[in-house]
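J.: Hey, dropping input.pdb in here, PDB, C-alpha atoms:
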ATOM      1  CA  MET A   1     -16.901  23.723   3.853
ATOM      2  CA  LYS A   2     -15.099  27.033   3.495
ATOM      3  CA  ILE A   3     -13.605  27.376  -0.004
ATOM      4  CA  LEU A   4      -9.962  28.468   0.114
ATOM      5  CA  TYR A   5      -9.332  28.729  -3.621
ATOM      6  CA  THR A   6     -11.085  27.992  -6.902
ATOM      7  CA  ALA A   7      -9.140  27.224 -10.068
ATOM      8  CA  GLU A   8     -10.840  27.975 -13.366
ATOM      9  CA  ALA A   9      -9.815  26.816 -16.820
ATOM     10  CA  SER A  10     -11.483  26.638 -20.203
ATOM     11  CA  VAL A  11     -10.779  24.328 -23.133
ATOM     12  CA  GLN A  12     -11.589  24.843 -26.785
ATOM     13  CA  GLY A  13     -11.109  21.963 -29.213
ATOM     14  CA  GLY A  14     -11.229  19.096 -26.705
ATOM     15  CA  ARG A  15      -8.216  16.794 -26.611
ATOM     16  CA  GLU A  16      -6.812  18.450 -29.762
ATOM     17  CA  GLY A  17      -7.416  21.997 -28.556
ATOM     18  CA  GLU A  18      -6.044  24.472 -26.064
ATOM     19  CA  ALA A  19      -6.528  24.957 -22.336
ATOM     20  CA  ARG A  20      -6.273  28.301 -20.557
ATOM     21  CA  SER A  21      -6.717  29.326 -16.968
ATOM     22  CA  SER A  22      -8.847  32.342 -16.142
ATOM     23  CA  ASP A  23      -5.826  34.180 -14.699
ATOM     24  CA  GLY A  24      -3.703  33.542 -17.812
ATOM     25  CA  ARG A  25      -0.973  31.669 -15.940
ATOM     26  CA  LEU A  26      -1.728  28.404 -17.728
ATOM     27  CA  ALA A  27      -1.962  28.155 -21.492
ATOM     28  CA  VAL A  28      -1.263  24.772 -23.043
ATOM     29  CA  LYS A  29      -1.813  23.062 -26.347
ATOM     30  CA  LEU A  30      -3.495  19.679 -26.084
ATOM     31  CA  SER A  31      -2.952  16.617 -28.242
ATOM     32  CA  VAL A  32      -4.032  12.998 -28.192
ATOM     33  CA  PRO A  33      -1.188  10.511 -27.542
ATOM     34  CA  LYS A  34      -0.401   7.993 -30.269
ATOM     35  CA  GLU A  35      -1.322   5.216 -27.828
ATOM     36  CA  MET A  36      -4.884   6.531 -27.863
ATOM     37  CA  GLY A  37      -5.087   6.871 -31.640
ATOM     38  CA  GLY A  38      -3.896  10.464 -31.864
ATOM     39  CA  SER A  39      -1.089  12.099 -33.756
ATOM     40  CA  GLY A  40       1.118  12.374 -30.686
ATOM     41  CA  GLY A  41       1.836  15.925 -31.772
ATOM     42  CA  GLU A  42       3.052  18.791 -29.664
ATOM     43  CA  GLY A  43       1.014  19.376 -26.595
ATOM     44  CA  THR A  44       0.046  17.713 -23.366
ATOM     45  CA  ASN A  45      -3.065  15.767 -22.456
ATOM     46  CA  PRO A  46      -5.529  15.663 -19.560
ATOM     47  CA  GLU A  47      -3.868  12.614 -18.031
ATOM     48  CA  GLN A  48      -0.469  14.342 -17.882
ATOM     49  CA  LEU A  49      -2.070  17.412 -16.342
ATOM     50  CA  PHE A  50      -3.874  15.259 -13.777
ATOM     51  CA  ALA A  51      -0.643  13.371 -12.999
ATOM     52  CA  ALA A  52       1.259  16.627 -12.476
ATOM     53  CA  GLY A  53      -1.488  18.081 -10.306
ATOM     54  CA  TYR A  54      -1.858  14.939  -8.193
ATOM     55  CA  ALA A  55       1.916  14.559  -7.731
ATOM     56  CA  ALA A  56       2.317  18.209  -6.717
ATOM     57  CA  CYS A  57      -0.600  18.088  -4.315
ATOM     58  CA  PHE A  58       0.500  14.777  -2.798
ATOM     59  CA  GLN A  59       4.073  15.987  -2.347
ATOM     60  CA  SER A  60       2.872  19.127  -0.537
ATOM     61  CA  ALA A  61       0.609  17.009   1.684
ATOM     62  CA  LEU A  62       3.585  14.686   2.301
ATOM     63  CA  MET A  63       5.627  17.636   3.539
ATOM     64  CA  LEU A  64       2.833  18.476   5.996
ATOM     65  CA  ALA A  65       2.450  14.886   7.201
ATOM     66  CA  ALA A  66       6.222  14.498   7.545
ATOM     67  CA  ARG A  67       6.540  17.735   9.540
ATOM     68  CA  ARG A  68       3.845  16.464  11.911
ATOM     69  CA  GLN A  69       5.907  13.274  12.395
ATOM     70  CA  ARG A  70       9.171  15.242  12.718
ATOM     71  CA  VAL A  71      10.601  13.759   9.514
ATOM     72  CA  ASP A  72      12.449  15.770   6.877
ATOM     73  CA  ALA A  73      10.765  15.188   3.513
ATOM     74  CA  SER A  74      12.034  18.364   1.845
ATOM     75  CA  ALA A  75      14.021  16.385  -0.756
ATOM     76  CA  SER A  76      11.193  13.946  -1.488
ATOM     77  CA  THR A  77       9.936  13.100  -4.963
ATOM     78  CA  VAL A  78       6.437  12.012  -5.933
ATOM     79  CA  THR A  79       5.787  10.457  -9.332
ATOM     80  CA  ALA A  80       2.185   9.969 -10.421
ATOM     81  CA  LYS A  81       1.248   7.575 -13.202
ATOM     82  CA  VAL A  82      -2.270   8.103 -14.556
ATOM     83  CA  ALA A  83      -3.639   5.407 -16.851
ATOM     84  CA  VAL A  84      -6.799   5.598 -18.947
ATOM     85  CA  SER A  85      -8.573   2.435 -20.037
ATOM     86  CA  PRO A  86     -11.993   1.225 -21.216
ATOM     87  CA  ASN A  87     -14.343   0.729 -18.275
ATOM     88  CA  GLY A  88     -16.337  -2.127 -19.819
ATOM     89  CA  GLU A  89     -19.480  -0.003 -20.032
ATOM     90  CA  GLY A  90     -18.714   1.865 -23.245
ATOM     91  CA  GLY A  91     -16.772   4.625 -21.487
ATOM     92  CA  PHE A  92     -13.356   5.094 -19.987
ATOM     93  CA  GLY A  93     -11.861   5.179 -16.521
ATOM     94  CA  LEU A  94      -8.687   6.264 -14.796
ATOM     95  CA  GLU A  95      -6.347   4.594 -12.378
ATOM     96  CA  VAL A  96      -3.389   6.075 -10.540
ATOM     97  CA  GLU A  97      -0.078   4.895  -9.125
ATOM     98  CA  LEU A  98       1.791   7.182  -6.736
ATOM     99  CA  HIS A  99       5.489   6.426  -6.238
ATOM    100  CA  VAL A 100       7.028   8.265  -3.280
ATOM    101  CA  PHE A 101      10.727   8.605  -2.524
ATOM    102  CA  ILE A 102      12.045  10.241   0.655
ATOM    103  CA  PRO A 103      15.841  10.203   1.043
ATOM    104  CA  ASP A 104      17.185   8.692   4.273
ATOM    105  CA  VAL A 105      13.783   7.370   5.381
ATOM    106  CA  ASP A 106      13.364   3.668   6.152
ATOM    107  CA  GLN A 107      10.638   1.543   4.536
ATOM    108  CA  GLU A 108       8.362   1.363   7.592
ATOM    109  CA  THR A 109       8.457   5.121   8.240
ATOM    110  CA  GLY A 110       8.042   5.878   4.542
ATOM    111  CA  GLU A 111       5.029   3.617   4.149
ATOM    112  CA  ARG A 112       3.427   5.137   7.270
ATOM    113  CA  LEU A 113       3.992   8.657   5.912
ATOM    114  CA  VAL A 114       2.534   7.720   2.518
ATOM    115  CA  GLU A 115      -0.613   6.349   4.199
ATOM    116  CA  LEU A 116      -0.945   9.471   6.380
ATOM    117  CA  THR A 117      -0.463  11.664   3.329
ATOM    118  CA  HIS A 118      -3.139   9.753   1.421
ATOM    119  CA  ARG A 119      -5.623  10.791   4.145
ATOM    120  CA  VAL A 120      -4.617  14.477   3.951
ATOM    121  CA  CYS A 121      -4.183  15.102   0.205
ATOM    122  CA  PRO A 122      -7.220  16.725  -1.494
ATOM    123  CA  TYR A 123      -6.663  14.708  -4.688
ATOM    124  CA  SER A 124      -6.597  11.481  -2.683
ATOM    125  CA  ASN A 125      -9.763  12.483  -0.877
ATOM    126  CA  ALA A 126     -11.448  13.331  -4.187
ATOM    127  CA  THR A 127     -10.480  10.071  -5.876
ATOM    128  CA  ARG A 128     -11.062   7.732  -2.913
ATOM    129  CA  GLY A 129     -13.777   5.238  -3.805
ATOM    130  CA  ASN A 130     -13.957   6.557  -7.377
ATOM    131  CA  ILE A 131     -10.808   5.270  -9.056
ATOM    132  CA  PRO A 132      -8.078   2.816  -8.045
ATOM    133  CA  VAL A 133      -5.076   4.573  -6.458
ATOM    134  CA  ARG A 134      -2.067   2.420  -5.610
ATOM    135  CA  LEU A 135       0.626   3.766  -3.280
ATOM    136  CA  TYR A 136       4.301   2.803  -3.374
ATOM    137  CA  PHE A 137       7.171   3.886  -1.153
ATOM    138  CA  GLU A 138      10.371   3.628  -3.195
ATOM    139  CA  GLU A 139      13.935   3.265  -1.958
ATOM    140  CA  GLN A 140      15.112   5.456  -4.832
ATOM    141  CA  PRO A 141      13.309   7.938  -7.078
ATOM    142  CA  LEU A 142      11.741   6.718 -10.302
ATOM    143  CA  ALA A 143      13.537   7.858 -13.430
ATOM    144  CA  ILE A 144      11.288   9.696 -15.853
ATOM    145  CA  SER A 145      12.024   8.487 -19.350
TER     146      SER A 145
END
Just dump the structure as structure tokens.

T.:
Amino acid sequence: MKILYTAEASVQGGREGEARSSDGRLAVKLSVPKEMGGSGGEGTNPEQLFAAGYAACFQSALMLAARRQRVDASASTVTAKVAVSPNGEGGFGLEVELHVFIPDVDQETGERLVELTHRVCPYSNATRGNIPVRLYFEEQPLAIS
């Protein structure tokens, strides 16, 4: 497979450290959420970063799939929910929910587009068979609290 782009980031300090990309465009403080026994201090966490990356990637793939079907998805919204939980083997696992909203698109068309997108999106292809990913077509965008 021909590589189109490689992202590179380094972390020092683990979940309570800092992450930086090799090009300097990303520099974030990391902190453990209270729900996972952390301080909940300033900073993001790997699950939020994964959710943002997956949602962005899926939304771009949705635009491609929609264009191919002659549907306007330019005002669409994708919300990714990434959960971490014990895997029963002494470690931890992830699971994802993707909630997709496309204004003025009926349920049948929206669900078809979401399924097509799930076949195109690199994150979906990387996670398929590895972690549970549930797809939802929403009639209105999810509110982020």

J.: Any idea what the distance is between atom CA of A:Asp106 and atom CA of A:Glu138?

T.: 9.8 Å

J.: Name every residue that the PyMOL selection byres ((chain A and resi 58) around 10) selects in this structure, writing the answer as a PyMOL selection string with chains first and numbers rising.

T.: chain A and resi 52-57+59-64+77-80+98+100+114+117-118+120-124

J.: Take the point (-6.3, 6.6, -9.9) in the file's coordinates, draw a sphere of radius 7 Å around it, and report as a PyMOL selection string every protein, DNA or RNA residue with an atom inside or on it, counting only C-alpha atoms.

T.: chain A and resi 82+94-97+127+131-133

J.: Rounded to one decimal, what separation in Å do you get between atom CA of A:Gly41 and atom CA of A:Ala7?

T.: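 Atom-to-atom, atom CA of A:Gly41 to atom CA of A:Ala7, that is 26.8 Å.
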
J.: Quick one: distance from atom CA of A:Gln48 to atom CA of A:Ser74 in Å, one decimal?

T.: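 Value for the atom CA of A:Gln48-atom CA of A:Ser74 distance: 23.7 Å.
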
J.: Take the PyMOL selection byres ((chain A and resi 8) around 12), run it mentally on this structure, and tell me the resulting residues as a list in words.

T.: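 Selected by the PyMOL selection byres ((chain A and resi 8) around 12) here: Tyr5, Thr6, Ala7, Ala9, Ser10, Val11, Ala19, Arg20, Ser21, Ser22, Asp23, Gly24, Arg25 and Leu26 of chain A.
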
J.: Restricting the output to C-alpha atoms, write the selected residues as a PDB file, in the frame of the given file.

T.:
ATOM      1  CA  TYR A   5      -9.332  28.729  -3.621  1.00  0.00           C
ATOM      2  CA  THR A   6     -11.085  27.992  -6.902  1.00  0.00           C
ATOM      3  CA  ALA A   7      -9.140  27.224 -10.068  1.00  0.00           C
ATOM      4  CA  ALA A   9      -9.815  26.816 -16.820  1.00  0.00           C
ATOM      5  CA  SER A  10     -11.483  26.638 -20.203  1.00  0.00           C
ATOM      6  CA  VAL A  11     -10.779  24.328 -23.133  1.00  0.00           C
ATOM      7  CA  ALA A  19      -6.528  24.957 -22.336  1.00  0.00           C
ATOM      8  CA  ARG A  20      -6.273  28.301 -20.557  1.00  0.00           C
ATOM      9  CA  SER A  21      -6.717  29.326 -16.968  1.00  0.00           C
ATOM     10  CA  SER A  22      -8.847  32.342 -16.142  1.00  0.00           C
ATOM     11  CA  ASP A  23      -5.826  34.180 -14.699  1.00  0.00           C
ATOM     12  CA  GLY A  24      -3.703  33.542 -17.812  1.00  0.00           C
ATOM     13  CA  ARG A  25      -0.973  31.669 -15.940  1.00  0.00           C
ATOM     14  CA  LEU A  26      -1.728  28.404 -17.728  1.00  0.00           C
TER      15      LEU A  26
END

J.: Report as AutoDock Vina command-line options the centre and the edge lengths, in Å to one decimal, of the axis-aligned box holding every listed atom of stretch 100-108 of chain A, padded by 8 Å on each side.

T.:
--center_x 12.1 --center_y 5.8 --center_z 2.2 --size_x 26.2 --size_y 24.9 --size_z 26.9

J.: Name the residues that the PyMOL selection byres ((chain A and resi 72) around 9) pulls out of this structure, and write them as a short mmCIF file (atom, residue, chain, number, x, y, z; two decimals) with C-alpha atoms, in the coordinates of the input.

T.:
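part-v3.cif, freshly written:
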data_model
loop_
_atom_site.label_atom_id
_atom_site.label_comp_id
_atom_site.auth_asym_id
_atom_site.auth_seq_id
_atom_site.Cartn_x
_atom_site.Cartn_y
_atom_site.Cartn_z
CA MET A 63 5.63 17.64 3.54
CA ALA A 66 6.22 14.50 7.54
CA ARG A 67 6.54 17.74 9.54
CA GLN A 69 5.91 13.27 12.40
CA ARG A 70 9.17 15.24 12.72
CA VAL A 71 10.60 13.76 9.51
CA ALA A 73 10.76 15.19 3.51
CA SER A 74 12.03 18.36 1.84
CA ALA A 75 14.02 16.39 -0.76
CA SER A 76 11.19 13.95 -1.49
CA ILE A 102 12.04 10.24 0.66
CA PRO A 103 15.84 10.20 1.04
CA ASP A 104 17.18 8.69 4.27
CA VAL A 105 13.78 7.37 5.38
#

J.: Using only C-alpha atoms for the distances, tell me which of A:Phe137, A:Glu42, A:Phe50, A:Ala27 is nearest to A:Thr109.

T.: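 Of A:Phe137, A:Glu42, A:Phe50, A:Ala27, the one nearest A:Thr109, counting only C-alpha atoms, is A:Phe137.
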
J.: So, counting only C-alpha atoms, which residue among A:Ile3, A:Leu135, A:Gly37, A:Thr44 is closest to A:Gly17?

T.: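 The answer is A:Thr44, which sits nearest to A:Gly17.
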
J.: Which is closest to A:Met36 among A:Leu116, A:Ala83, A:Ala126, A:Ala143, if we use all atoms listed in the file?

T.: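 So, comparing all the options, the nearest one is A:Ala83.
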
J.: Using all atoms listed in the file, can you tell me which of A:Ala51, A:Gly88, A:Lys2, A:Leu113 comes closest to A:Arg68?

T.: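 Result for the nearest residue to A:Arg68: A:Leu113.
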
J.: May I have the residues within 7 Å of A:Arg15 as a list in words, using all atoms listed in the file and disregarding those fewer than 3 positions away in the same chain?

T.: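 Once the adjacent positions are removed, what remains is Leu30, Ser31, Val32 and Asn45 of chain A.
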
J.: Write to file, as a JSON list (two decimals), keeping the file's coordinate frame, the residues of the selection just made, with C-alpha atoms.

T.:
[["chain", "number", "residue", "atom", "x", "y", "z"],
["A", 30, "LEU", "CA", -3.50, 19.68, -26.08],
["A", 31, "SER", "CA", -2.95, 16.62, -28.24],
["A", 32, "VAL", "CA", -4.03, 13.00, -28.19],
["A", 45, "ASN", "CA", -3.06, 15.77, -22.46]]

J.: Pick from A:Val28, A:Glu89, A:Gly13, A:Phe101: nearest to A:Pro141, with all atoms listed in the file counted?

T.: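 Closest to A:Pro141, using all atoms listed in the file: A:Phe101.
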